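Here's input-v5.cif, which has mmCIF, C-alpha atoms and all ligand atoms:
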```
data_start
loop_
_atom_site.label_atom_id
_atom_site.label_comp_id
_atom_site.auth_asym_id
_atom_site.auth_seq_id
_atom_site.Cartn_x
_atom_site.Cartn_y
_atom_site.Cartn_z
CA MET A 262 61.83 1.10 26.46
CA ALA A 263 58.70 1.04 24.30
CA ASP A 264 59.70 3.99 22.14
CA LYS A 265 63.30 3.02 21.47
CA ARG A 266 64.58 3.89 18.00
CA ASP A 267 67.09 1.86 16.03
CA PHE A 268 69.59 2.96 13.39
CA LEU A 269 69.47 0.04 10.98
CA SER A 270 69.75 1.99 7.74
CA LEU A 271 69.71 5.63 6.66
CA ASP A 272 65.93 5.29 6.32
CA ASP A 273 65.81 5.60 10.11
CA LEU A 274 66.72 9.28 9.73
CA SER A 275 64.38 11.93 8.39
CA GLU A 276 66.02 14.39 6.01
CA GLU A 277 66.10 16.94 8.82
CA GLU A 278 67.73 14.48 11.24
CA PHE A 279 70.24 13.47 8.56
CA ARG A 280 71.29 17.08 8.04
CA SER A 281 71.33 17.94 11.74
CA THR A 282 73.48 14.87 12.46
CA LEU A 283 76.09 16.21 10.02
CA THR A 284 76.13 19.67 11.57
CA ARG A 285 76.24 18.20 15.08
CA ALA A 286 79.19 16.01 14.02
CA ILE A 287 81.07 19.14 12.95
CA GLU A 288 80.20 20.87 16.25
CA LEU A 289 81.44 17.87 18.24
CA LYS A 290 84.62 17.84 16.18
CA GLU A 291 85.21 21.51 17.02
CA LEU A 292 84.55 20.96 20.73
CA ARG A 293 87.12 18.16 20.71
CA ALA A 294 89.65 20.23 18.78
CA ASN A 295 89.27 22.97 21.43
CA GLY A 296 89.86 20.45 24.20
CA GLN A 297 86.33 20.89 25.54
CA GLU A 298 84.88 17.79 27.17
CA HIS A 299 81.32 17.01 26.26
CA HIS A 300 79.76 14.33 28.45
CA SER A 301 76.28 14.20 26.96
CA LEU A 302 76.08 10.41 27.43
CA ARG A 303 77.43 10.26 30.96
CA GLY A 304 76.74 6.89 32.53
CA GLN A 305 75.49 5.29 29.31
CA THR A 306 76.92 2.07 27.94
CA LEU A 307 77.22 0.50 24.51
CA ALA A 308 77.73 -3.19 23.69
CA MET A 309 79.58 -3.66 20.41
CA ILE A 310 79.16 -7.02 18.66
CA PHE A 311 81.58 -7.61 15.80
CA GLU A 312 81.09 -10.72 13.66
CA LYS A 313 83.42 -9.29 10.99
CA ALA A 314 86.78 -7.52 11.22
CA SER A 315 86.98 -3.79 11.92
CA THR A 316 89.46 -1.06 12.73
CA ARG A 317 87.64 2.25 12.18
CA THR A 318 84.13 1.30 13.27
CA ARG A 319 85.18 -0.46 16.42
CA VAL A 320 87.65 2.18 17.58
CA SER A 321 85.48 5.16 16.66
CA PHE A 322 82.43 3.79 18.50
CA GLU A 323 84.49 2.87 21.55
CA ILE A 324 86.38 6.17 21.74
CA GLY A 325 83.18 8.03 20.87
CA MET A 326 81.34 6.57 23.87
CA PHE A 327 84.31 7.35 26.11
CA GLU A 328 84.47 10.94 24.92
CA LEU A 329 80.75 11.42 25.50
CA GLY A 330 81.18 10.25 29.09
CA GLY A 331 79.93 6.72 28.55
CA HIS A 332 81.53 3.31 28.21
CA ALA A 333 81.67 0.67 25.48
CA VAL A 334 82.14 -3.10 25.74
CA TYR A 335 83.48 -5.08 22.77
CA LEU A 336 82.22 -8.58 21.98
CA ALA A 337 83.83 -10.51 19.16
CA GLY A 338 81.80 -13.30 17.59
CA GLU A 339 84.60 -15.67 18.56
CA GLY A 340 85.27 -15.49 22.25
CA SER A 341 81.66 -14.80 23.17
CA GLN A 342 78.68 -17.15 23.21
CA ILE A 343 77.44 -15.51 19.99
CA GLY A 344 80.12 -17.39 18.06
CA ARG A 345 79.05 -20.65 19.73
CA GLY A 346 75.52 -20.32 18.42
CA GLU A 347 73.61 -18.60 21.23
CA PRO A 348 70.49 -17.21 19.53
CA ILE A 349 70.70 -13.51 18.71
CA SER A 350 67.27 -13.09 20.35
CA ASP A 351 68.76 -14.27 23.66
CA THR A 352 71.82 -12.07 23.27
CA ALA A 353 69.55 -9.11 22.53
CA ARG A 354 67.54 -9.54 25.72
CA VAL A 355 70.56 -10.17 27.92
CA LEU A 356 72.52 -7.17 26.61
CA SER A 357 69.43 -4.98 26.92
CA GLY A 358 69.57 -5.64 30.65
CA TYR A 359 73.10 -4.27 30.88
CA CYS A 360 73.50 -1.63 28.17
CA SER A 361 71.98 1.58 26.87
CA GLY A 362 72.54 0.57 23.23
CA ILE A 363 73.99 -2.16 21.01
CA VAL A 364 76.05 -1.81 17.84
CA ILE A 365 76.47 -4.84 15.63
CA ARG A 366 78.60 -5.58 12.57
CA THR A 367 77.30 -8.72 10.94
CA PHE A 368 76.39 -10.46 7.68
CA GLY A 369 72.68 -10.45 6.78
CA GLN A 370 70.46 -7.43 7.42
CA ASP A 371 67.97 -9.98 8.80
CA ARG A 372 70.35 -10.78 11.67
CA LEU A 373 70.60 -7.08 12.55
CA GLU A 374 66.80 -6.78 12.35
CA GLU A 375 66.36 -9.83 14.58
CA LEU A 376 68.65 -8.27 17.17
CA ALA A 377 66.70 -5.00 16.97
CA ARG A 378 63.38 -6.84 17.29
CA TRP A 379 64.38 -8.44 20.58
CA ALA A 380 66.50 -5.67 22.07
CA THR A 381 64.73 -3.13 24.24
CA VAL A 382 67.53 -0.59 23.70
CA PRO A 383 68.54 1.16 20.44
CA VAL A 384 70.48 -0.97 17.96
CA PHE A 385 73.02 0.56 15.56
CA ASN A 386 74.16 -0.89 12.24
CA GLY A 387 77.96 -1.08 12.28
CA LEU A 388 77.89 -2.64 8.76
CA THR A 389 75.93 -5.47 7.23
CA ASP A 390 76.16 -7.07 3.80
CA MET A 391 73.35 -4.69 2.80
CA TYR A 392 74.22 -1.31 4.34
CA HIS A 393 76.91 0.76 6.05
CA PRO A 394 74.98 3.85 7.18
CA CYS A 395 77.52 5.20 9.70
CA GLN A 396 80.13 5.43 6.95
CA ILE A 397 77.95 7.61 4.72
CA LEU A 398 77.40 10.10 7.53
CA ALA A 399 81.18 10.51 7.87
CA ASP A 400 81.54 10.74 4.08
CA LEU A 401 78.97 13.51 3.78
CA GLN A 402 80.34 15.31 6.84
CA THR A 403 83.65 15.40 4.96
CA ILE A 404 82.04 16.91 1.86
CA LEU A 405 80.18 19.44 4.02
CA GLU A 406 83.51 20.47 5.56
CA LEU A 407 85.30 20.65 2.22
CA ARG A 408 82.58 22.37 0.18
CA GLY A 409 80.44 24.14 2.77
CA SER A 410 77.38 22.32 1.42
CA ILE A 411 76.44 18.82 0.32
CA ASP A 412 73.81 20.11 -2.09
CA GLY A 413 74.05 20.91 -5.78
CA LEU A 414 76.85 18.40 -6.37
CA ARG A 415 76.87 15.31 -8.55
CA TYR A 416 78.22 12.24 -6.75
CA CYS A 417 79.73 9.11 -8.26
CA TRP A 418 80.05 5.55 -7.02
CA LEU A 419 82.54 3.26 -8.79
CA GLY A 420 82.70 -0.50 -8.45
CA ASP A 421 80.62 -3.03 -6.59
CA GLY A 422 76.90 -2.50 -6.01
CA ASN A 423 77.52 -3.38 -2.36
CA ASN A 424 76.62 -2.21 1.16
CA MET A 425 78.34 1.14 0.55
CA ALA A 426 76.65 1.65 -2.83
CA HIS A 427 73.26 0.86 -1.26
CA SER A 428 73.85 3.42 1.47
CA TRP A 429 74.87 6.06 -1.07
CA ILE A 430 71.66 5.34 -2.97
CA LYS A 431 69.61 5.81 0.21
CA ALA A 432 71.44 9.06 0.99
CA ALA A 433 70.75 10.37 -2.53
CA ALA A 434 67.05 9.61 -2.12
CA ILE A 435 66.75 11.20 1.34
CA LEU A 436 68.81 14.31 0.57
CA GLY A 437 67.82 14.60 -3.08
CA PHE A 438 71.17 14.62 -4.86
CA ASP A 439 72.31 13.22 -8.21
CA LEU A 440 74.24 9.97 -7.99
CA ALA A 441 75.90 8.17 -10.90
CA LEU A 442 77.00 4.58 -10.35
CA ALA A 443 79.34 2.55 -12.57
CA CYS A 444 79.12 -1.15 -11.78
CA PRO A 445 80.00 -4.15 -13.97
CA GLN A 446 77.27 -6.50 -15.21
CA GLY A 447 76.35 -8.90 -12.43
CA TYR A 448 77.49 -6.48 -9.72
CA LYS A 449 74.79 -3.81 -9.95
CA PRO A 450 73.06 -2.61 -6.77
CA ASP A 451 69.97 -4.34 -5.43
CA GLU A 452 67.00 -3.60 -7.70
CA ALA A 453 64.51 -3.11 -4.88
CA ILE A 454 66.74 -0.51 -3.21
CA VAL A 455 67.14 1.31 -6.53
CA ARG A 456 63.39 1.23 -7.21
CA LEU A 457 62.50 2.62 -3.78
CA ALA A 458 65.07 5.39 -4.11
CA GLU A 459 63.80 6.35 -7.55
CA GLU A 460 60.21 6.43 -6.25
CA ARG A 461 61.21 8.77 -3.43
CA MET A 462 63.18 10.99 -5.80
CA ARG A 463 60.20 11.21 -8.16
CA ALA A 464 57.81 11.98 -5.30
CA ASN A 465 60.11 14.77 -4.04
CA SER A 466 61.06 15.94 -7.57
CA ARG A 467 64.70 15.94 -6.41
CA GLY A 468 67.71 13.73 -7.02
CA SER A 469 68.50 11.12 -9.64
CA LEU A 470 70.22 7.77 -10.08
CA THR A 471 72.18 6.92 -13.22
CA ILE A 472 73.53 3.38 -13.38
CA VAL A 473 76.04 2.64 -16.14
CA SER A 474 78.76 0.12 -16.90
CA ASP A 475 81.47 2.48 -18.14
CA PRO A 476 83.29 4.32 -15.31
CA ALA A 477 84.15 7.23 -17.64
CA ASP A 478 80.44 7.87 -18.23
CA ALA A 479 79.76 7.93 -14.48
CA VAL A 480 82.57 10.26 -13.38
CA ALA A 481 81.83 12.96 -15.98
CA GLY A 482 80.39 16.04 -14.25
CA CYS A 483 80.96 14.65 -10.75
CA ALA A 484 82.40 16.60 -7.81
CA VAL A 485 82.71 13.60 -5.48
CA LEU A 486 84.03 10.16 -6.44
CA SER A 487 83.77 7.22 -4.07
CA THR A 488 84.89 3.63 -4.40
CA ASP A 489 85.43 0.52 -2.28
CA VAL A 490 87.02 -2.92 -2.39
CA TRP A 491 85.84 -5.32 -5.08
CA ALA A 492 85.38 -8.23 -2.67
CA SER A 493 83.75 -7.29 0.63
CA MET A 494 84.11 -9.15 3.90
CA GLY A 495 82.51 -12.57 3.49
CA GLN A 496 83.22 -12.61 -0.28
CA GLU A 497 86.84 -13.69 -0.05
CA ASP A 498 86.12 -16.84 -2.12
CA GLU A 499 84.96 -14.65 -5.01
CA ALA A 500 88.04 -12.42 -5.00
CA VAL A 501 89.65 -13.86 -8.15
CA ALA A 502 86.44 -13.80 -10.21
CA ARG A 503 85.74 -10.29 -9.01
CA GLN A 504 89.22 -9.08 -9.98
CA ARG A 505 88.45 -10.19 -13.52
CA ALA A 506 84.97 -8.67 -13.56
CA PHE A 507 86.16 -5.29 -12.23
CA GLN A 508 89.00 -4.73 -14.70
CA GLY A 509 88.78 -1.11 -15.89
CA TYR A 510 87.15 0.06 -12.66
CA CYS A 511 90.33 1.25 -10.93
CA LEU A 512 90.02 4.88 -9.83
CA ASP A 513 93.30 6.06 -11.31
CA GLN A 514 94.61 9.48 -12.32
CA LYS A 515 93.28 9.13 -15.87
CA LEU A 516 89.76 8.46 -14.63
CA LEU A 517 89.99 11.19 -11.99
CA GLU A 518 90.84 13.71 -14.71
CA LYS A 519 87.51 12.94 -16.40
CA ALA A 520 85.63 14.20 -13.31
CA ASN A 521 85.15 17.86 -12.39
CA PRO A 522 88.36 19.78 -11.68
CA GLY A 523 89.12 19.48 -7.95
CA ALA A 524 86.72 16.56 -7.47
CA HIS A 525 87.06 14.95 -4.04
CA VAL A 526 88.03 11.29 -3.73
CA LEU A 527 86.50 9.18 -0.98
CA HIS A 528 87.18 5.57 0.04
CA CYS A 529 85.75 4.05 3.21
CA LEU A 530 88.94 2.02 3.77
CA PRO A 531 90.51 -0.48 4.01
CA ALA A 532 91.77 0.03 0.44
CA HIS A 533 93.55 -2.29 -1.96
CA ARG A 534 96.02 0.02 -3.69
CA GLY A 535 96.43 -0.81 -7.35
CA GLU A 536 93.07 -2.62 -7.48
CA GLU A 537 90.03 -0.38 -6.99
CA ILE A 538 92.16 2.76 -6.43
CA ALA A 539 95.61 3.82 -7.61
CA THR A 540 98.12 4.75 -4.93
CA GLU A 541 98.69 8.15 -6.56
CA VAL A 542 94.97 8.92 -6.25
CA LEU A 543 94.57 7.62 -2.70
CA GLU A 544 97.63 9.58 -1.61
CA GLY A 545 97.00 12.51 -3.96
CA GLU A 546 95.84 16.01 -3.13
CA GLN A 547 92.23 15.35 -4.16
CA SER A 548 91.94 12.47 -1.71
CA ALA A 549 89.95 13.13 1.47
CA VAL A 550 90.15 9.59 2.78
CA PHE A 551 91.94 10.22 6.06
CA GLN A 552 89.71 13.18 6.94
CA GLN A 553 86.81 10.88 6.02
CA ALA A 554 88.16 8.14 8.30
CA GLU A 555 88.60 10.57 11.20
CA ASN A 556 85.05 11.79 10.73
CA ARG A 557 83.73 8.34 11.61
CA LEU A 558 84.39 9.35 15.21
CA HIS A 559 82.55 12.65 15.07
CA ALA A 560 79.63 11.41 12.95
CA GLN A 561 79.03 8.43 15.22
CA LYS A 562 79.16 10.60 18.32
CA ALA A 563 76.38 12.66 16.75
CA VAL A 564 74.41 9.48 15.99
CA LEU A 565 74.90 8.15 19.51
CA GLU A 566 73.66 11.44 20.95
CA ALA A 567 70.64 11.42 18.65
CA PHE A 568 69.58 7.87 19.52
CA LEU A 569 70.78 7.54 23.13
CA GLY A 570 71.02 11.07 24.36
CA THR A 571 68.71 12.62 26.87
CA ASN A 572 70.92 15.15 28.65
CA ARG A 573 72.62 17.11 25.87
N1 LIG B 601 85.31 1.79 6.86
C1 LIG B 601 85.16 0.92 7.86
O1 LIG B 601 84.05 0.58 8.28
O2 LIG B 601 86.32 0.45 8.37
P1 LIG B 601 86.49 -0.78 9.36
O3 LIG B 601 86.15 -2.03 8.60
O4 LIG B 601 87.94 -0.72 9.76
O5 LIG B 601 85.58 -0.60 10.54
N1 LIG B 602 82.24 -3.14 1.40
C1 LIG B 602 83.24 -3.32 2.43
C2 LIG B 602 83.27 -2.16 3.35
C3 LIG B 602 84.30 -2.25 4.45
C4 LIG B 602 84.26 -1.09 5.39
C5 LIG B 602 82.94 -4.60 3.18
O1 LIG B 602 81.76 -4.85 3.48
O2 LIG B 602 83.86 -5.36 3.46
#
```

File written out as structure tokens:
Amino acid sequence: MADKRDFLSLDDLSEEEFRSTLTRAIELKELRANGQEHHSLRGQTLAMIFEKASTRTRVSFEIGMFELGGHAVYLAGEGSQIGRGEPISDTARVLSGYCSGIVIRTFGQDRLEELARWATVPVFNGLTDMYHPCQILADLQTILELRGSIDGLRYCWLGDGNNMAHSWIKAAAILGFDLALACPQGYKPDEAIVRLAEERMRANSRGSLTIVSDPADAVAGCAVLSTDVWASMGQEDEAVARQRAFQGYCLDQKLLEKANPGAHVLHCLPAHRGEEIATEVLEGEQSAVFQQAENRLHAQKAVLEAFLGTNR
């Protein structure tokens, strides 16, 4: 498949495709709610390689393929030859012979890119250390549902300058919204990602990034607040040092009250209650986290259709 397209980061979507994926996700959600089957990927298959743990991503991709009339096959790192050191380039070529697409959750973005280079079918990023693009689509679908528009709002990211923060930065650059990030010293987002986003925002005269250290400065004026664990998968050894570094970054009721009235709270989950987010906020009426988690299914179905679909 010479013209196959991969979904390795949000940069693989034009602004128009980004927006149409969100509206398609909402359409697919409505079809499902009305009990209408929609087999746009009948006969297609997806291999799903997971080298890190997952609940939402794995289940939503697998159920998503089923609901679109296709089939998904799960491969854990352990229990497949991937975990025994078979080169990813070999895995890519073998799976390309069986499957219509491959999703991978792994560590380095370079490993995802290597898989995509050798695969002759579309490759989807199910989370790397650098990005988590599928999550942001579900997050913005949620805001679209709650507010009727994703535009004209100020967004906030609290905590680690991690894969989620990087994907929010990319989304802000593509869609042209204002994003404030509060990250402790030493845990700021990748400078190259920030620079590229700022260049795109300048070129389009839309959107802005504000990176501060004080969470109260970041949340002021924001309609959407998002946070994530302080130690991501693969950083377990740093958990204690990170707990120290992130003191004061808990999204609690006091901080929430500094944002716009009725601001929406997002968290990609899994959450550590009492660390990056207070239980009363996660479970409170401004929290959209379980709607957000459900939307992983609908958003990924829209992505699968966009990259695999031929017979919609
Ligand atoms: N948010 C998210 O990606 O969840 P999982 O790690 O459970 O897939
Ligand atoms: N930043 C987190 C996201 C989990 C969905 C991690 O990479 O572990």

- Can you tell me which residues sit at most 12 Å away from ligand LIG 602 (chain B), counting only C-alpha atoms and all ligand atoms, written as a PyMOL selection string? chain A and resi 312-319+366-369+387-397+420-428+487-497+500+528-533+537+554+557

Fill in: Surrounding residues of A:Leu405 excluding itself and chain neighbours under 5 positions, 10 Å, all atoms listed in the file, as a PyMOL selection string
chain A and resi 283-284+287+399-400+410-412

Requested write-out: C-alpha atoms of the selected residues, as a CSV table (one decimal), in the coordinates of the input:
```
chain,number,residue,atom,x,y,z
A,283,LEU,CA,76.1,16.2,10.0
A,284,THR,CA,76.1,19.7,11.6
A,287,ILE,CA,81.1,19.1,13.0
A,399,ALA,CA,81.2,10.5,7.9
A,400,ASP,CA,81.5,10.7,4.1
A,410,SER,CA,77.4,22.3,1.4
A,411,ILE,CA,76.4,18.8,0.3
A,412,ASP,CA,73.8,20.1,-2.1
```

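Separating atom CA of A:Glu375 from atom CA of A:Tyr359 is a distance of 18.5 Å.
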
From the list A:Glu544, A:Asp439, A:Glu323, A:Asp351, the nearest residue to ligand LIG 601 (chain B) using only C-alpha atoms and all ligand atoms is A:Glu323

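Between atom CA of A:Leu565 and atom CA of A:Val382 there is a distance of 12.2 Å.
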
What separates atom CA of A:Arg467 and atom CA of A:Ala433 is a distance of 9.1 Å

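Shortest atom-to-atom contact with ligand LIG 601 (chain B) among A:Leu398, A:Ala458, A:Leu269, A:Ala286: A:Leu398, counting only C-alpha atoms and all ligand atoms.
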
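Those DNA, RNA and protein residues that approach the point (85.7, 16.7, 1.2) to within 9 Å, considering only C-alpha atoms, are A:Asp400, A:Leu401, A:Gln402, A:Thr403, A:Ile404, A:Leu405, A:Glu406, A:Leu407, A:Arg408, A:Val485, A:Ala524, A:His525, A:Val526, A:Leu527, A:Gln547, A:Ser548, A:Ala549, A:Val550, A:Gln552, A:Gln553.
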
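Among the candidates A:Gln342, A:Gln514, A:Thr352, A:Ser321, the residue lying nearest to ligand LIG 601 (chain B) is A:Ser321 (atoms considered: all atoms listed in the file).
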
> Which residue gives the smallest distance to A:Leu436 among A:Leu414, A:Leu543, A:Ala484, A:Val455, with only C-alpha atoms counted?
Replying inline: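 Result for the nearest residue to A:Leu436: A:Leu414.
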
- Message: Calculated over only C-alpha atoms and all ligand atoms, which of the candidates A:Ile363, A:Leu356, A:Ala294, A:Leu558 has the smallest distance to ligand LIG 601 (chain B)?
- Response: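 Nearest candidate to ligand LIG 601 (chain B) out of A:Ile363, A:Leu356, A:Ala294, A:Leu558: A:Leu558.
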
Residue contacts of A:Leu512 (9 Å, only C-alpha atoms) excluding same-chain residues fewer than 4 positions away, as a PDB file with C-alpha atoms, in the frame of the given file:
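And here's part-v7.pdb as it stands now:
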```
ATOM      1  CA  LEU A 419      82.540   3.260  -8.790  1.00  0.00           C
ATOM      2  CA  PRO A 476      83.290   4.320 -15.310  1.00  0.00           C
ATOM      3  CA  LEU A 486      84.030  10.160  -6.440  1.00  0.00           C
ATOM      4  CA  SER A 487      83.770   7.220  -4.070  1.00  0.00           C
ATOM      5  CA  THR A 488      84.890   3.630  -4.400  1.00  0.00           C
ATOM      6  CA  LEU A 516      89.760   8.460 -14.630  1.00  0.00           C
ATOM      7  CA  LEU A 517      89.990  11.190 -11.990  1.00  0.00           C
ATOM      8  CA  GLY A 535      96.430  -0.810  -7.350  1.00  0.00           C
ATOM      9  CA  GLU A 536      93.070  -2.620  -7.480  1.00  0.00           C
ATOM     10  CA  GLU A 537      90.030  -0.380  -6.990  1.00  0.00           C
ATOM     11  CA  ILE A 538      92.160   2.760  -6.430  1.00  0.00           C
ATOM     12  CA  ALA A 539      95.610   3.820  -7.610  1.00  0.00           C
ATOM     13  CA  VAL A 542      94.970   8.920  -6.250  1.00  0.00           C
ATOM     14  CA  LEU A 543      94.570   7.620  -2.700  1.00  0.00           C
TER      15      LEU A 543
END
```

* Asked: Neighbours of A:Leu457 within 10 Å (only C-alpha atoms; same-chain residues fewer than 4 positions away dropped), as a ChimeraX atom specification?
  -> /A:430-431,434,452-453,461-463

* **Among the residues A:Leu292, A:Pro445, A:Asp267, A:Pro383, the one that comes closest to A:Thr306 [using all atoms listed in the file]** =>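 Selected residue with least distance to A:Thr306: A:Pro383.
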